[in-house]
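The next block is start_34.cif, given as mmCIF, C-alpha atoms and all ligand atoms.
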```
data_query
loop_
_atom_site.label_atom_id
_atom_site.label_comp_id
_atom_site.auth_asym_id
_atom_site.auth_seq_id
_atom_site.Cartn_x
_atom_site.Cartn_y
_atom_site.Cartn_z
CA MET O 1 -34.26 4.94 -13.78
CA PRO O 2 -34.56 1.43 -15.32
CA ILE O 3 -32.25 -1.25 -13.91
CA GLU O 4 -30.42 -1.77 -17.23
CA ASP O 5 -29.63 1.95 -17.35
CA ILE O 6 -28.09 1.90 -13.88
CA THR O 7 -25.91 -1.10 -14.75
CA GLN O 8 -24.85 0.42 -18.07
CA LYS O 9 -23.98 3.82 -16.55
CA VAL O 10 -22.05 2.24 -13.66
CA SER O 11 -20.08 0.08 -16.08
CA GLU O 12 -19.25 3.07 -18.31
CA ARG O 13 -18.15 5.02 -15.25
CA TYR O 14 -15.72 2.31 -14.14
CA ALA O 15 -14.49 1.61 -17.65
CA ASN O 16 -13.64 5.28 -17.96
CA ALA O 17 -11.97 5.39 -14.55
CA ALA O 18 -9.88 2.31 -15.35
CA SER O 19 -8.67 3.71 -18.66
CA THR O 20 -7.76 7.12 -17.22
CA GLY O 21 -6.49 5.90 -13.82
CA GLU O 22 -8.90 8.33 -12.12
CA GLN O 23 -9.01 8.13 -8.31
CA MET O 24 -12.45 7.08 -7.09
CA CYS O 25 -14.37 5.97 -4.08
CA CYS O 26 -13.28 5.53 -0.56
CA PRO O 27 -10.48 5.27 1.95
CA THR O 28 -8.99 1.79 2.43
CA SER O 29 -6.23 0.55 4.68
CA TYR O 30 -4.15 -1.60 2.37
CA ASP O 31 -0.47 -2.06 3.11
CA MET O 32 0.40 -0.68 -0.33
CA GLY O 33 4.12 -0.97 0.38
CA TYR O 34 3.72 -4.72 0.73
CA LEU O 35 1.22 -5.18 -2.12
CA LYS O 36 3.65 -3.38 -4.45
CA THR O 37 6.11 -6.23 -3.95
CA PHE O 38 3.95 -8.53 -6.10
CA ILE O 39 1.04 -6.53 -7.63
CA PRO O 40 1.79 -4.19 -10.55
CA GLU O 41 1.14 -0.45 -10.21
CA GLU O 42 -1.42 -0.59 -13.03
CA VAL O 43 -3.69 -2.63 -10.73
CA LEU O 44 -2.98 -0.74 -7.51
CA LYS O 45 -3.79 2.63 -9.00
CA ILE O 46 -7.31 1.54 -9.92
CA SER O 47 -8.16 0.15 -6.51
CA TYR O 48 -11.68 1.47 -5.92
CA GLY O 49 -12.70 -0.43 -2.81
CA CYS O 50 -13.84 0.72 0.60
CA GLY O 51 -12.23 -1.96 2.76
CA THR O 52 -9.74 -4.80 2.66
CA PRO O 53 -11.90 -7.95 2.69
CA ALA O 54 -9.06 -10.22 1.61
CA GLY O 55 -6.61 -8.73 4.09
CA LEU O 56 -8.52 -9.43 7.30
CA LYS O 57 -7.14 -12.89 8.02
CA THR O 58 -10.28 -14.27 6.39
CA VAL O 59 -8.59 -16.19 3.56
CA ARG O 60 -7.21 -19.67 4.27
CA ALA O 61 -4.67 -21.73 2.35
CA GLY O 62 -6.12 -24.07 -0.27
CA GLU O 63 -9.53 -22.37 -0.44
CA THR O 64 -11.61 -21.36 -3.45
CA VAL O 65 -12.33 -17.64 -3.18
CA LEU O 66 -14.80 -15.63 -5.27
CA ASP O 67 -14.46 -11.83 -5.59
CA ILE O 68 -17.66 -10.13 -6.79
CA GLY O 69 -16.85 -6.98 -8.81
CA SER O 70 -13.14 -7.68 -8.90
CA GLY O 71 -12.20 -4.50 -10.82
CA GLY O 72 -8.47 -4.35 -11.57
CA GLY O 73 -8.00 -7.41 -9.35
CA ILE O 74 -6.32 -6.06 -6.21
CA ASP O 75 -8.23 -8.28 -3.76
CA CYS O 76 -8.05 -11.31 -6.06
CA PHE O 77 -4.27 -11.00 -6.16
CA GLU O 78 -3.99 -10.66 -2.39
CA ALA O 79 -6.31 -13.69 -2.05
CA SER O 80 -4.16 -15.53 -4.62
CA ARG O 81 -1.15 -15.08 -2.35
CA LEU O 82 -3.08 -16.16 0.74
CA VAL O 83 -4.74 -19.30 -0.71
CA GLY O 84 -1.34 -20.37 -2.03
CA PRO O 85 -0.66 -22.40 -5.18
CA THR O 86 -3.18 -25.12 -4.19
CA GLY O 87 -6.03 -22.63 -3.81
CA ARG O 88 -8.10 -20.89 -6.47
CA VAL O 89 -9.52 -17.41 -6.96
CA ILE O 90 -12.35 -16.34 -9.30
CA GLY O 91 -12.99 -12.66 -9.99
CA ILE O 92 -16.29 -11.60 -11.57
CA ASP O 93 -16.77 -8.20 -13.18
CA MET O 94 -19.16 -6.78 -15.78
CA THR O 95 -16.73 -4.20 -17.20
CA ASP O 96 -14.43 -5.28 -20.05
CA THR O 97 -11.77 -2.64 -19.39
CA MET O 98 -11.42 -3.88 -15.81
CA LEU O 99 -11.26 -7.51 -16.93
CA GLU O 100 -8.55 -6.77 -19.50
CA ILE O 101 -6.31 -5.08 -16.93
CA ALA O 102 -6.92 -7.82 -14.36
CA ARG O 103 -6.28 -10.71 -16.81
CA LYS O 104 -3.10 -9.14 -18.15
CA ASN O 105 -1.69 -8.72 -14.66
CA ALA O 106 -2.67 -12.19 -13.40
CA VAL O 107 0.32 -13.65 -15.24
CA VAL O 108 2.69 -11.07 -13.73
CA VAL O 109 1.38 -11.68 -10.21
CA ALA O 110 1.74 -15.48 -10.57
CA THR O 111 5.36 -15.03 -11.64
CA ASN O 112 6.03 -12.64 -8.76
CA LEU O 113 4.53 -15.15 -6.31
CA GLY O 114 6.61 -17.98 -7.79
CA TYR O 115 3.53 -19.98 -8.88
CA PRO O 116 3.86 -22.35 -11.88
CA SER O 117 0.70 -20.76 -13.36
CA SER O 118 -1.89 -18.26 -12.23
CA ASN O 119 -4.49 -19.52 -9.76
CA VAL O 120 -6.75 -16.53 -10.54
CA GLU O 121 -9.41 -16.55 -13.24
CA PHE O 122 -11.39 -13.45 -14.23
CA ARG O 123 -14.87 -14.04 -15.63
CA LYS O 124 -17.25 -11.57 -17.20
CA GLY O 125 -20.60 -11.50 -15.44
CA LEU O 126 -23.13 -9.70 -13.31
CA ALA O 127 -23.27 -9.90 -9.54
CA ASP O 128 -26.93 -10.91 -9.72
CA ALA O 129 -26.34 -13.75 -12.24
CA MET O 130 -22.86 -15.04 -11.55
CA PRO O 131 -21.17 -17.50 -13.93
CA VAL O 132 -20.23 -19.76 -11.02
CA ASP O 133 -21.42 -23.29 -10.20
CA ASP O 134 -23.66 -23.99 -7.20
CA GLY O 135 -21.98 -24.73 -3.87
CA THR O 136 -18.38 -24.36 -5.05
CA ILE O 137 -17.00 -21.37 -3.10
CA ASP O 138 -15.39 -21.44 0.36
CA LEU O 139 -15.15 -17.69 0.79
CA ILE O 140 -16.95 -14.87 -1.03
CA ILE O 141 -15.34 -11.46 -0.88
CA SER O 142 -16.40 -8.20 -2.49
CA ASN O 143 -15.16 -4.65 -2.14
CA CYS O 144 -17.51 -1.75 -2.70
CA VAL O 145 -19.62 -3.38 -5.39
CA ILE O 146 -22.96 -4.60 -4.06
CA ASN O 147 -24.12 -1.03 -3.44
CA LEU O 148 -23.75 -0.55 -7.22
CA ALA O 149 -26.05 -3.47 -8.05
CA PRO O 150 -29.69 -2.43 -8.60
CA ASP O 151 -31.18 -5.66 -7.16
CA LYS O 152 -29.26 -6.50 -4.01
CA ARG O 153 -31.58 -9.29 -2.92
CA LYS O 154 -30.79 -11.11 -6.13
CA VAL O 155 -27.07 -10.68 -5.45
CA PHE O 156 -27.47 -12.04 -1.90
CA ARG O 157 -29.37 -15.07 -3.25
CA GLU O 158 -26.63 -15.66 -5.82
CA MET O 159 -24.01 -15.51 -3.08
CA TYR O 160 -25.91 -18.13 -1.11
CA ARG O 161 -26.27 -20.33 -4.20
CA VAL O 162 -22.55 -20.38 -5.02
CA ALA O 163 -21.30 -20.74 -1.41
CA LYS O 164 -20.34 -24.24 -0.28
CA PRO O 165 -22.24 -25.53 2.74
CA GLY O 166 -20.00 -24.28 5.56
CA GLY O 167 -18.80 -21.44 3.33
CA ARG O 168 -18.75 -17.80 4.36
CA PHE O 169 -18.50 -14.24 3.11
CA THR O 170 -16.48 -11.16 4.05
CA ILE O 171 -17.84 -8.15 2.22
CA SER O 172 -16.82 -4.49 2.37
CA ASP O 173 -19.41 -2.00 1.17
CA ILE O 174 -21.02 1.39 1.72
CA VAL O 175 -24.21 1.69 3.80
CA ALA O 176 -26.32 4.67 4.87
CA ASP O 177 -27.85 5.51 8.26
CA GLN O 178 -31.29 6.06 6.67
CA THR O 179 -33.09 5.06 3.49
CA VAL O 180 -31.49 6.98 0.62
CA PRO O 181 -34.17 9.35 -0.75
CA GLN O 182 -35.49 9.05 -4.29
CA TYR O 183 -33.83 12.26 -5.53
CA LEU O 184 -30.45 10.63 -4.80
CA VAL O 185 -31.49 7.19 -6.03
CA HIS O 186 -32.22 8.76 -9.43
CA ASP O 187 -28.91 10.63 -9.59
CA THR O 188 -26.75 8.66 -12.05
CA GLN O 189 -23.50 10.30 -10.96
CA LYS O 190 -24.11 9.33 -7.34
CA TRP O 191 -24.76 5.67 -8.28
CA GLY O 192 -21.21 5.51 -9.59
CA ASP O 193 -19.98 7.30 -6.46
CA CYS O 194 -21.28 4.41 -4.30
CA LEU O 195 -23.97 6.62 -2.71
CA SER O 196 -27.33 6.22 -4.49
CA GLY O 197 -27.50 2.46 -4.15
CA ALA O 198 -26.46 2.24 -0.50
CA LEU O 199 -28.78 0.23 1.74
CA THR O 200 -29.19 0.87 5.44
CA LEU O 201 -27.08 -1.46 7.53
CA THR O 202 -30.21 -3.15 8.88
CA ASP O 203 -31.58 -3.78 5.38
CA TYR O 204 -28.19 -5.09 4.27
CA MET O 205 -27.91 -7.55 7.15
CA ASN O 206 -31.57 -8.60 6.95
CA GLY O 207 -31.18 -9.12 3.19
CA MET O 208 -28.30 -11.52 3.85
CA THR O 209 -30.36 -13.34 6.46
CA ALA O 210 -33.32 -13.58 4.06
CA ALA O 211 -30.98 -15.15 1.47
CA GLY O 212 -30.10 -17.89 3.97
CA PHE O 213 -26.87 -16.73 5.64
CA PHE O 214 -26.48 -16.81 9.42
CA GLY O 215 -24.15 -15.35 12.02
CA ILE O 216 -24.06 -12.04 10.16
CA HIS O 217 -22.08 -9.38 11.95
CA LEU O 218 -19.97 -6.32 11.42
CA VAL O 219 -16.22 -6.71 11.57
CA LYS O 220 -15.31 -3.15 10.58
CA PHE O 221 -17.15 0.15 10.55
CA SER O 222 -15.90 3.62 9.64
CA PRO O 223 -17.70 6.87 8.91
CA TRP O 224 -17.17 8.03 5.33
CA ARG O 225 -19.30 10.97 4.12
CA VAL O 226 -22.35 13.01 5.11
CA ILE O 227 -24.53 14.13 2.20
CA ASP O 228 -27.71 16.14 2.82
CA GLY O 229 -27.75 14.92 6.42
CA ILE O 230 -27.40 11.25 5.43
CA HIS O 231 -24.40 9.55 7.01
CA PHE O 232 -22.61 7.05 4.77
CA PHE O 233 -20.37 4.43 6.31
CA SER O 234 -17.85 1.94 5.03
CA VAL O 235 -18.53 -1.45 6.62
CA THR O 236 -17.14 -4.95 6.45
CA LEU O 237 -19.55 -7.78 7.21
CA THR O 238 -19.14 -11.48 7.58
CA GLY O 239 -21.62 -14.38 7.70
CA TYR O 240 -21.96 -18.14 7.11
CA LYS O 241 -23.84 -20.72 5.07
CA ILE O 242 -24.43 -23.30 7.77
CA PRO O 243 -23.83 -26.86 6.59
CA PRO O 244 -26.45 -29.56 7.12
CA ALA O 245 -25.80 -31.87 10.07
CA THR O 246 -23.56 -34.81 9.19
CA THR O 247 -23.58 -36.53 12.55
CA ALA O 248 -26.24 -36.56 15.25
CA SER O 249 -25.40 -34.06 17.98
CA SER O 250 -26.17 -34.73 21.64
CA VAL O 251 -26.69 -31.01 22.33
CA ARG O 252 -30.31 -30.34 23.34
CA TYR O 253 -30.13 -27.20 25.51
CA ALA O 254 -28.56 -23.76 25.39
CA THR O 255 -28.13 -21.57 28.46
CA LEU O 256 -27.21 -17.93 27.92
CA ARG O 257 -24.30 -17.01 30.23
CA GLY O 258 -24.35 -13.25 29.67
CA PRO O 259 -23.32 -10.48 29.82
CA PHE O 260 -26.46 -9.87 27.75
CA SER O 261 -29.58 -10.46 29.84
CA ARG O 262 -31.57 -11.50 26.74
CA LEU O 263 -30.69 -12.33 23.14
CA VAL O 264 -32.70 -13.06 20.00
CA ASP O 265 -30.92 -15.04 17.28
CA GLU O 266 -31.49 -14.90 13.52
CA ARG O 267 -34.03 -17.74 13.70
CA GLY O 268 -36.13 -15.65 16.08
CA MET O 269 -35.31 -17.80 19.14
CA THR O 270 -35.12 -15.84 22.42
CA TYR O 271 -32.67 -16.74 25.21
CA TYR O 272 -32.79 -15.40 28.77
CA ARG O 273 -29.62 -15.42 30.84
CA GLY O 274 -29.40 -18.40 33.14
CA THR O 275 -32.50 -20.17 31.75
CA PRO O 276 -31.84 -23.36 29.75
CA GLN O 277 -33.65 -23.29 26.43
CA SER O 278 -34.48 -26.46 24.53
CA ILE O 279 -32.94 -26.23 21.03
CA THR O 280 -33.07 -28.09 17.71
CA PRO O 281 -29.96 -29.43 15.91
CA ASP O 282 -30.19 -26.40 13.54
CA GLU O 283 -30.11 -24.01 16.53
CA SER O 284 -27.22 -25.91 18.00
CA ARG O 285 -25.17 -25.49 14.81
CA LEU O 286 -26.02 -21.77 14.70
CA LEU O 287 -24.99 -21.20 18.33
CA SER O 288 -21.72 -23.05 17.70
CA LEU O 289 -20.63 -20.38 15.19
CA PRO O 290 -17.91 -17.94 16.22
CA SER O 291 -19.42 -14.85 17.93
CA PHE O 292 -22.32 -16.92 19.35
CA SER O 293 -20.55 -19.76 21.10
CA GLU O 294 -18.79 -17.78 23.86
CA HIS O 295 -22.19 -16.63 25.18
CA PHE O 296 -23.77 -20.06 25.66
CA LEU O 297 -23.45 -23.34 27.47
CA LEU O 298 -24.49 -25.99 24.95
CA THR O 299 -25.47 -29.12 26.87
CA THR O 300 -27.30 -32.45 26.69
CA GLU O 301 -29.23 -31.76 29.90
CA PRO O 302 -30.80 -28.45 30.98
CA ILE O 303 -28.30 -26.43 33.07
CA PRO O 304 -29.73 -23.40 34.85
CA LEU O 305 -27.29 -20.72 36.03
CA ASP O 306 -27.69 -18.15 38.78
CA ASN O 307 -25.58 -15.17 39.66
CA HIS O 308 -23.44 -17.19 42.11
CA ASP O 309 -22.25 -19.47 39.33
CA PRO O 310 -18.80 -18.48 37.98
CA ARG O 311 -20.10 -19.06 34.44
CA TRP O 312 -22.80 -16.37 34.87
CA ARG O 313 -21.72 -13.02 33.43
CA ALA O 314 -23.21 -9.58 34.06
CA VAL O 315 -21.85 -6.05 33.81
CA LEU O 316 -23.85 -3.52 35.81
CA PRO O 317 -23.59 0.22 35.17
CA ALA O 318 -21.65 2.32 37.68
CA ASP O 319 -23.65 3.91 40.46
CA ALA O 320 -23.02 7.40 39.07
CA PRO O 321 -24.95 10.11 37.19
CA CYS O 322 -25.52 9.69 33.45
CA THR O 323 -23.78 12.11 31.14
CA TRP O 324 -25.17 12.42 27.64
CA GLN O 325 -22.27 13.14 25.31
CA GLY O 326 -23.69 12.22 21.90
CA HIS O 327 -22.78 8.52 22.03
CA TYR O 328 -24.71 5.92 20.08
CA ALA O 329 -24.27 2.18 20.40
CA LEU O 330 -24.80 0.12 17.27
CA LEU O 331 -25.32 -3.62 17.75
CA ALA O 332 -22.89 -5.28 15.33
CA GLY O 333 -24.62 -8.69 15.49
CA PRO O 334 -24.80 -11.57 15.02
CA PHE O 335 -27.85 -11.40 17.32
CA VAL O 336 -30.79 -9.48 15.87
CA GLU O 337 -31.81 -8.15 19.28
CA ALA O 338 -30.05 -7.96 22.64
CA ALA O 339 -30.75 -6.49 26.08
CA ASP O 340 -28.32 -5.42 28.80
CA ASP O 341 -28.87 -5.07 32.56
CA ASP O 342 -29.92 -1.43 32.32
CA HIS O 343 -33.17 -1.47 30.27
CA HIS O 344 -31.55 -1.02 26.85
CA VAL O 345 -32.81 -3.08 23.94
CA TYR O 346 -30.38 -3.01 21.01
CA ARG O 347 -31.36 -4.04 17.48
CA ARG O 348 -28.78 -5.21 14.96
CA GLY O 349 -27.55 -2.36 12.77
CA GLU O 350 -29.56 0.38 14.53
CA PRO O 351 -27.79 3.09 16.53
CA LEU O 352 -29.27 3.67 20.02
CA GLU O 353 -28.34 6.76 22.03
CA VAL O 354 -26.57 5.84 25.27
CA CYS O 355 -25.07 7.78 28.19
CA SER O 356 -21.54 7.67 29.56
CA LYS O 357 -22.34 4.87 32.01
CA THR O 358 -23.53 2.60 29.21
CA VAL O 359 -20.51 3.49 27.07
CA ALA O 360 -18.34 2.16 29.93
CA VAL O 361 -20.42 -1.03 30.21
CA LEU O 362 -20.28 -1.72 26.47
CA GLY O 363 -16.51 -1.28 26.50
CA THR O 364 -16.07 -4.38 28.70
CA ASP O 365 -14.90 -7.71 27.26
CA GLY O 366 -18.17 -9.61 26.75
CA TYR O 367 -19.95 -6.67 25.14
CA GLN O 368 -17.19 -4.87 23.27
CA PRO O 369 -16.92 -7.12 20.16
CA HIS O 370 -20.67 -6.76 19.57
CA PHE O 371 -20.90 -2.97 19.41
CA VAL O 372 -19.73 -0.02 17.40
CA LEU O 373 -19.77 3.21 19.40
CA LEU O 374 -20.44 6.40 17.44
CA ASN O 375 -20.35 9.96 18.62
CA ARG O 376 -22.70 12.31 16.86
CA ALA O 377 -22.39 15.33 19.18
CA GLY O 378 -21.48 18.58 17.48
CA GLU O 379 -19.00 21.10 18.85
CA GLY O 380 -21.57 22.70 21.14
CA ALA O 381 -22.60 19.58 23.09
CA GLY O 382 -22.23 20.18 26.81
CA GLY O 383 -22.62 16.71 28.28
CA GLU O 384 -24.81 17.61 31.26
CA ALA O 385 -24.98 15.03 34.03
CA VAL O 386 -28.53 13.93 34.85
CA THR O 387 -29.84 12.04 37.83
CA CYS O 388 -31.52 8.73 37.18
CA SER O 389 -35.06 8.08 38.29
CA PRO O 390 -35.43 5.79 41.34
CA ASP O 391 -36.05 2.74 39.18
CA GLY O 392 -32.89 3.51 37.21
CA GLY O 393 -34.85 3.87 33.98
CA CYS O 394 -33.40 7.13 32.65
CA CYS O 395 -30.41 5.69 30.83
C1 LIG P 401 -15.99 0.43 -6.88
S1 LIG P 401 -15.31 -0.67 -8.07
C2 LIG P 401 -14.46 -1.82 -7.01
C3 LIG P 401 -13.51 -2.69 -7.73
C4 LIG P 401 -12.68 -3.62 -6.87
N1 LIG P 401 -13.53 -4.47 -6.04
C5 LIG P 401 -11.69 -2.84 -6.04
O1 LIG P 401 -11.74 -2.95 -4.81
O2 LIG P 401 -10.88 -2.14 -6.61
C6 LIG P 401 -16.71 -1.55 -8.62
C7 LIG P 401 -16.42 -2.67 -9.62
O3 LIG P 401 -17.57 -3.51 -9.66
C8 LIG P 401 -17.99 -3.72 -10.98
N2 LIG P 401 -19.45 -3.84 -10.91
C9 LIG P 401 -20.32 -2.90 -10.49
N3 LIG P 401 -21.57 -3.39 -10.51
C10 LIG P 401 -21.48 -4.67 -10.93
C11 LIG P 401 -22.42 -5.69 -11.14
N4 LIG P 401 -23.73 -5.49 -10.94
N5 LIG P 401 -21.99 -6.88 -11.57
C12 LIG P 401 -20.66 -7.09 -11.81
N6 LIG P 401 -19.72 -6.17 -11.62
C13 LIG P 401 -20.11 -4.96 -11.19
C14 LIG P 401 -17.50 -2.51 -11.74
O4 LIG P 401 -17.31 -2.82 -13.10
C15 LIG P 401 -16.20 -2.19 -11.03
O5 LIG P 401 -15.11 -2.87 -11.57
#
```

Show me the file's structure as structure tokens.
Amino acid sequence: MPIEDITQKVSERYANAASTGEQMCCPTSYDMGYLKTFIPEEVLKISYGCGTPAGLKTVRAGETVLDIGSGGGIDCFEASRLVGPTGRVIGIDMTDTMLEIARKNAVVVATNLGYPSSNVEFRKGLADAMPVDDGTIDLIISNCVINLAPDKRKVFREMYRVAKPGGRFTISDIVADQTVPQYLVHDTQKWGDCLSGALTLTDYMNGMTAAGFFGIHLVKFSPWRVIDGIHFFSVTLTGYKIPPATTASSVRYATLRGPFSRLVDERGMTYYRGTPQSITPDESRLLSLPSFSEHFLLTTEPIPLDNHDPRWRAVLPADAPCTWQGHYALLAGPFVEAADDDHHVYRRGEPLEVCSKTVAVLGTDGYQPHFVLLNRAGEGAGGEAVTCSPDGGCC
């Protein structure tokens, strides 16, 4: 199917949904009771997202926020409240019917929020060619839209272009656990249903990295549908456009504290626990991002750590049999690869089957924020205990 056809069909689908008020897409966890206090019903009833990217404490007062595929405007209006009257929100959508509803209600929302005028502007445009100036956006949000765009890499590059240095994104979208097969890719109905265009989580995250973003990690993950054996998930991801250095930093070394025994960052640099690694100013800025910084000592001189040092962290598996119960651990990032103390090598976005002992390890403080644990066992799974080999390599 040609790209223009996909875009046209998706737009018609959403125009039709908006004019009939049809329910579409995925579960979200909005506090509708609260949103109703300032957002009109006409907007709320055409909320077609799969997450709540503006409602995750990601929006800060005074910021400029861009919502890609803003639809009826639900997330723009929540962002409008959160940025306050000094902030600004831009919603981009390709579908006129959506834009009309959103623009009409912007005035009502501004009045309800007590603003002198609306701080939300809705612009017509495509996600892969956004009518937004370079480097002007603090926070990019989007809710269940990028899967609908035929050329995601172009969208990711556009996001990077419009983000301010130091800017970030929080995006909710649908991903699949395997490459969506061609017979689904060419199913027009399933494009509009947010299925045909879904990337795998790994491709999604790697696409963002290729566009220039760093520190990309999952902040929410929930199973959605299984179609022909393909699992579709609703995810929320965040990541950063790292600013260039403004002042010279004295940091020259990074020592991994643990609990991971080895990590690989998005620049391909490998860190071994306890071993100081010489780093560049770019590395230093990357490791200072949230989600990285707690794992490292960033120092001017090399500081080795051993397991007697209180800063060293390790979580060893219990000395007990493994029980396989259908658990999979999915590395949420931001590291692209990570190893624990029990022979597992995790890759960002890829589920790895783990036994009960590893599930317990990954539930501890240092590991827990970096993993999603899935259970894929059917009703009949027994969960037999197995004995590890002498070198401990079975699980
Ligand atoms: C699933 S709806 C989500 C709408 C809104 N984000 C929400 O949460 O209610 C998808 C929206 O994205 C718009 N859209 C889809 N593909 C687009 C593209 N390539 N460029 C711009 N807008 C697009 C559609 O017109 C529609 O309004």

Neighbours of ligand LIG 401 (chain P) within 6 Å, counting only C-alpha atoms and all ligand atoms, as a PDB file with C-alpha atoms, in the frame of the given file?
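Saved the output as part-v6.pdb:
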```pdb
ATOM      1  CA  SER O  11     -20.080   0.080 -16.080  1.00  0.00           C
ATOM      2  CA  TYR O  14     -15.720   2.310 -14.140  1.00  0.00           C
ATOM      3  CA  SER O  47      -8.160   0.150  -6.510  1.00  0.00           C
ATOM      4  CA  TYR O  48     -11.680   1.470  -5.920  1.00  0.00           C
ATOM      5  CA  GLY O  49     -12.700  -0.430  -2.810  1.00  0.00           C
ATOM      6  CA  GLY O  69     -16.850  -6.980  -8.810  1.00  0.00           C
ATOM      7  CA  SER O  70     -13.140  -7.680  -8.900  1.00  0.00           C
ATOM      8  CA  GLY O  71     -12.200  -4.500 -10.820  1.00  0.00           C
ATOM      9  CA  GLY O  72      -8.470  -4.350 -11.570  1.00  0.00           C
ATOM     10  CA  ASP O  93     -16.770  -8.200 -13.180  1.00  0.00           C
ATOM     11  CA  MET O  94     -19.160  -6.780 -15.780  1.00  0.00           C
ATOM     12  CA  THR O  95     -16.730  -4.200 -17.200  1.00  0.00           C
ATOM     13  CA  MET O  98     -11.420  -3.880 -15.810  1.00  0.00           C
ATOM     14  CA  GLY O 125     -20.600 -11.500 -15.440  1.00  0.00           C
ATOM     15  CA  LEU O 126     -23.130  -9.700 -13.310  1.00  0.00           C
ATOM     16  CA  ALA O 127     -23.270  -9.900  -9.540  1.00  0.00           C
ATOM     17  CA  SER O 142     -16.400  -8.200  -2.490  1.00  0.00           C
ATOM     18  CA  ASN O 143     -15.160  -4.650  -2.140  1.00  0.00           C
ATOM     19  CA  CYS O 144     -17.510  -1.750  -2.700  1.00  0.00           C
ATOM     20  CA  VAL O 145     -19.620  -3.380  -5.390  1.00  0.00           C
ATOM     21  CA  LEU O 148     -23.750  -0.550  -7.220  1.00  0.00           C
ATOM     22  CA  ALA O 149     -26.050  -3.470  -8.050  1.00  0.00           C
TER      23      ALA O 149
END
```

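Coordinates place CA of Arg267 (chain O) at a distance of 28.0 Å from CA of Leu374 (chain O).
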
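Across O:His370, O:Arg60, O:Lys241, O:Arg262, the tightest approach to Gly84 (chain O) is made by O:Arg60 when counting all atoms listed in the file.
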
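Distances here use all atoms listed in the file; by that measure, the residue among O:Val180, O:Pro334, O:Asn119, O:Asp193 closest to Met24 (chain O) is O:Asp193.
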
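Among O:Thr52, O:Thr358, O:Ser80, O:Ser261, the residue with the shortest atom-to-atom distance to Ile141 (chain O), counting only C-alpha atoms, is O:Thr52.
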
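The space separating CA of Gln368 (chain O) from CA of Ala332 (chain O) comes to 9.8 Å.
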
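The coordinates place CA of Glu158 (chain O) at 15.4 Å from CA of Arg123 (chain O).
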
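Using only C-alpha atoms for every distance, the candidate list O:Leu362, O:Leu195, O:Val43, O:Ile216 yields O:Leu195 as the residue closest to Val10 (chain O).
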
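Here the question is which of O:Lys57, O:Arg311, O:Arg81, O:Arg257 gets nearest to Phe38 (chain O) using only C-alpha atoms, and that residue is O:Arg81.
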
Within 10 Å of Lys152 (chain O), counting only C-alpha atoms, which residues qualify if same-chain residues fewer than 4 places away don't, as a PDB file with C-alpha atoms, in the frame of the given file?
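After the write, selection.pdb holds the following:
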```
ATOM      1  CA  ALA O 127     -23.270  -9.900  -9.540  1.00  0.00           C
ATOM      2  CA  ASP O 128     -26.930 -10.910  -9.720  1.00  0.00           C
ATOM      3  CA  ILE O 146     -22.960  -4.600  -4.060  1.00  0.00           C
ATOM      4  CA  ASN O 147     -24.120  -1.030  -3.440  1.00  0.00           C
ATOM      5  CA  LEU O 148     -23.750  -0.550  -7.220  1.00  0.00           C
ATOM      6  CA  PHE O 156     -27.470 -12.040  -1.900  1.00  0.00           C
ATOM      7  CA  ARG O 157     -29.370 -15.070  -3.250  1.00  0.00           C
ATOM      8  CA  GLU O 158     -26.630 -15.660  -5.820  1.00  0.00           C
ATOM      9  CA  GLY O 197     -27.500   2.460  -4.150  1.00  0.00           C
ATOM     10  CA  ALA O 198     -26.460   2.240  -0.500  1.00  0.00           C
ATOM     11  CA  LEU O 199     -28.780   0.230   1.740  1.00  0.00           C
ATOM     12  CA  TYR O 204     -28.190  -5.090   4.270  1.00  0.00           C
ATOM     13  CA  GLY O 207     -31.180  -9.120   3.190  1.00  0.00           C
ATOM     14  CA  MET O 208     -28.300 -11.520   3.850  1.00  0.00           C
TER      15      MET O 208
END
```

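With only C-alpha atoms as the basis for measurement, O:Gly167 is the residue among O:Gly167, O:Gly268, O:Gly91, O:Pro281 that approaches Thr58 (chain O) most closely.
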
key: Contact residues around Ala79 (chain O) with all atoms listed in the file at 10 Å, ignoring same-chain residues under 4 positions, as number ranges by chain   = O: 53-55, 58-61, 63-67, 73-75, 83-84, 87-90, 119-120, 141

request  = Select, counting all atoms listed in the file, all protein, DNA and RNA residues no farther than 6 Å from (-15.2, -7.0, 4.3) in file coordinates, and express the selection as JSON, numbers by chain.
outcome  = {"O": [53, 170, 171, 172, 236, 237]}

Hey, can you pull every residue with an atom no more than 9 Å from (-33.1, 3.7, -12.1), using only C-alpha atoms, and send it as a PDB file with C-alpha atoms, in the frame of the given file?
```
ATOM      1  CA  MET O   1     -34.260   4.940 -13.780  1.00  0.00           C
ATOM      2  CA  PRO O   2     -34.560   1.430 -15.320  1.00  0.00           C
ATOM      3  CA  ILE O   3     -32.250  -1.250 -13.910  1.00  0.00           C
ATOM      4  CA  GLU O   4     -30.420  -1.770 -17.230  1.00  0.00           C
ATOM      5  CA  ASP O   5     -29.630   1.950 -17.350  1.00  0.00           C
ATOM      6  CA  ILE O   6     -28.090   1.900 -13.880  1.00  0.00           C
ATOM      7  CA  PRO O 150     -29.690  -2.430  -8.600  1.00  0.00           C
ATOM      8  CA  VAL O 185     -31.490   7.190  -6.030  1.00  0.00           C
ATOM      9  CA  HIS O 186     -32.220   8.760  -9.430  1.00  0.00           C
ATOM     10  CA  ASP O 187     -28.910  10.630  -9.590  1.00  0.00           C
ATOM     11  CA  THR O 188     -26.750   8.660 -12.050  1.00  0.00           C
TER      12      THR O 188
END
```
